[in-house]
Structure formats: structure tokens, C-alpha cells
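Data first, discussion second: the structure below is written as C-alpha cells.
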Amino acid sequence: MESIEQENRAILITRYFTGEANQGEIEEIQKWLSASKDNLLYFQQLKNIWDNSELSKGEKMTDVEKAFKMLRKRVSFKDPETNFWYYWRRIAAILLIPLVIGNLLYFLFSNSSTNKEPVYNELFAAFGTRSALKLSDGTSVWLNSGSSIKYPDRFIGNNRTVTLKGEAYFEVESDPKKPFIVETSSLSVKATGTKFNVSEYSFSDETEVTLVTGKVEVSLPDDIKSVNNYKLDVNQHLLFNKVNETISIVNADTYKYIAWKDGKLIFRNEPLSQVVKKIGQVFNIDIEIKGNEIQNYSFRATFQDESLEEILKLLKMSSPIDYIEVKRDPLPDGTFPRRKVIIIPARQKI
């Protein structure tokens, strides 16, 4: 192929593109292609241009000389060394003009779409169940029983903000330039890349934030306390009492606060009052304790995916308590009130 003149090469490649090249000509082209990576690259570029030109879409031409003359009519070949490549550059320019315009329009349209307001979704986890989702930035979220989270289909601006009601565990994809923010009715939690838990049920007087890894900053409204920003370190647990507006931060075994995402309820020497509070949150039930002598009775237990009835029976078997479920009579509108259980000292009757 090295000895073939430039114009003969042009005719030969044209024959190859039109499907008229014989076996010997095909072998010559293959030899020329294997002689240089530049030859191969250029041939591929020409083939792409040919495939997208009108010449490849018309009726098949059996007169290759005629086809080549048609090409020559479109270009003034000035130099036998450059005529064929000049022709292809002209075709490339013609094809690239609409391509560039198309890409520009696509970019402008895409950019305009990107600037549109995101669509917000809301996920609910029914009482007695758990849910999980992955946000558009790669952040993983586990949603606890009786909770909901509102989040955008994509994050725009300088932060990634979601709104939480109830309890959720987050594993945040790191992005220091675009912090991840969890908003609740009483506070906000800002993180860049970390694992943490937030709990704020509407029927509870307390909001809790537990940090497993990384760092988070908890912010309270300006009118609540003079100091309203608190930075947590690993294995710290923050408790905010919404009634008396007090804050406490302690080092803790964080797993007991996040074990719910694995279907577990873990209690480590906790008073009965705290145990029934957590059980009530999970199963959407009111639990009342009668008798001061059992209020602070300590429990150490781990429950995994047990039903409410099973948990109550296990508590009764392992401690000096008994329980009674209050009968539910229908309300005037035909609905039933929330379930209620009364825990009493063993052998006491109501």
C-alpha cells in the first residue's frame, strides 16, 4: 500500500466503503492499516464520516469511478498529495457543524433542566416495620418504625438537606464542600461524611443524636440557648429535652442506639421507664407503669424481631412485673383508640 499513489488510494478506500473492493484490494488496505497506528486511526475517522454522510445512505453505486468523480465535483483537488484528505476534511467540517450545534443545544437544555427545582419525595415506615433507601448522592438511610423522611430527587445548591420525623440512621457520602443536613422540628444535624443516628418522635419530649463515626454539628434554634452549636465526637450521644430545654452529651455504647436498624432492641441495665418508652415508640402503643417500686427496675436484654406480645411475655418472665392490655372500645367516629398496656407489680390486681 505504501507504493499506491494518493489518488489511487482514495479510489481504493472509496471502493472499500461502497463494498466493491475485491479480496486483493481488501488485503492491501489491511496491510496499509497495520503499517501505522495513524493510518488505522485516520481510516476509522473516515469510516465514521462516511457512515454518517448522505453518500452511504443513497442507492448502491456499482460504478466506483463515477462515485469518486461525484466526490471530486464537491472539492477542488489542488495537490495530488493532499486532495483526498482535503476532501474528507471538507466532509468532516460539514458533518461537524450540525453535530456542534446539536451538542450546544443539548448542553443548554440539560443545563436548564439541572437548574429546575428538585422534586421532593417522602418515605414512610409504618409502626412495627423498618425501611431503607439510598439518596441521589449515595447516602444510605435506614428509617425506623413510625418515621418519615422528606428528600429531593437530586441535591442542588451548597448543601444536602432532608427533613426527618421519627428516627433514622444515616451513612453519609463524604463531601466537605456540600454538607449533609438533617432537619427536625427542634434541631438540625450537619455532617460531611459520617455515620450517625437521629431520633425525634412527636410524642416524645426528647430528641437524640448519636455519632458512630466522623463528626457532626448539632444546632438548636437561636432563641433556645445562648450556646446553640454542639460538636460531637465518635461514640458520643446527645440528649435534648424539648420541655425544659436542657442538653446532655455523654460517651456511650452507640450500638444500642442504632441496633434497631438490624431488627434489635438492646437494653443495658436501663430502667423500666426507658424500656417501655422505646417499646412504645416501635409498636405505636401507650405503656403505663403503675407502682413506684418497679419504675426503676433495671433490665438487660436483647430482643430481635420479636412481636410486642412476645416481648411483654419475656419481660414478665424475667422480672417481678405483670401487664394488662386495656380493652379498646370504638370511638364515636367508628375508629379505635391507640392500644394501651398497663404494667403493674407482680400479683397486683387493678
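Going by the C-alpha cells order, chains are called A, B, ..., each with residues numbered from 1, while ligands are numbered from 1 in the order shown.
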
>> Set the distance at 12 Å and use only C-alpha atoms: which residues neighbour region 327-337 of chain A once local chain neighbours fewer than 4 positions away are removed? I'd like the list as an NGL selection string.
In response: :A and (284-286 or 341-342)

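Across region 122-325 of chain A, DSSP run on the backbone finds alpha helix (DSSP H) at Tyr255, Lys256, Tyr257, Ile258, Leu272, Ser273, Gln274, Val275, Val276, Lys277, Lys278, Ile279, Gly280, Gln281, Val282, Phe283, Leu308, Glu309, Glu310, Ile311, Leu312, Lys313, Leu314, Leu315, Lys316, Met317 and Ser318 of chain A.
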
> Skipping near chain neighbours, those fewer than 6 positions away, what residues fall within 8 Å of Arg154 (chain A) using only C-alpha atoms, listed as a VMD selection string?
Replying inline: chain A and resid 118 to 119 135 to 137

>> What's the separation between CA of Lys165 (chain A) and CA of Ala252 (chain A), in Å to one decimal place?
In response: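 Answer for the CA of Lys165 (chain A) to CA of Ala252 (chain A) separation: 23.7 Å.
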
> Smallest atom-to-atom distance to Ser131 (chain A): which of A:Gly263, A:Asp322, A:Lys277, A:Leu12, using only C-alpha atoms?
Replying inline: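 With only C-alpha atoms as the atom set, the closest residue is A:Gly263.
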
> CA of Ala132 (chain A) and CA of Tyr151 (chain A), how far apart in Å?
Replying inline: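 Separation of CA of Tyr151 (chain A) and CA of Ala132 (chain A): 13.1 Å.
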
> What is the distance between CA of Gln295 (chain A) and CA of Asn241 (chain A), in Å to one decimal?
Replying inline: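 So the two atoms, CA of Gln295 (chain A) and CA of Asn241 (chain A), lie 19.9 Å apart.
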
>> Env of region 191-202 of chain A: 8 Å cut, atoms = only C-alpha atoms, seq-sep filter 6 positions within chain, self excluded. Answer as a ChimeraX atom specification.
In response: /A:147,165-181,184,208-217,257-258,281

>> Env of Leu187 (chain A): 9 Å cut, atoms = only C-alpha atoms, seq-sep filter 2 positions within chain, self excluded. Answer as JSON, numbers by chain.
In response: {"A": [182, 183, 184, 185, 189, 207, 218, 219, 220, 221]}

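When only C-alpha atoms are used to measure the gap to Thr129 (chain A), the shortest distance among A:Leu315, A:Leu143, A:Leu40, A:Leu238 belongs to A:Leu143.
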
>> Can you tell me, as an MDAnalysis selection string, which residues in region 83-282 of chain A count as strand (DSSP E) by DSSP?
In response: chainID A and resid 120:125 131:134 140:143 147:152 160:171 180:183 188:191 195:200 206:213 216:219 229:232 236:241 246:251 264:271
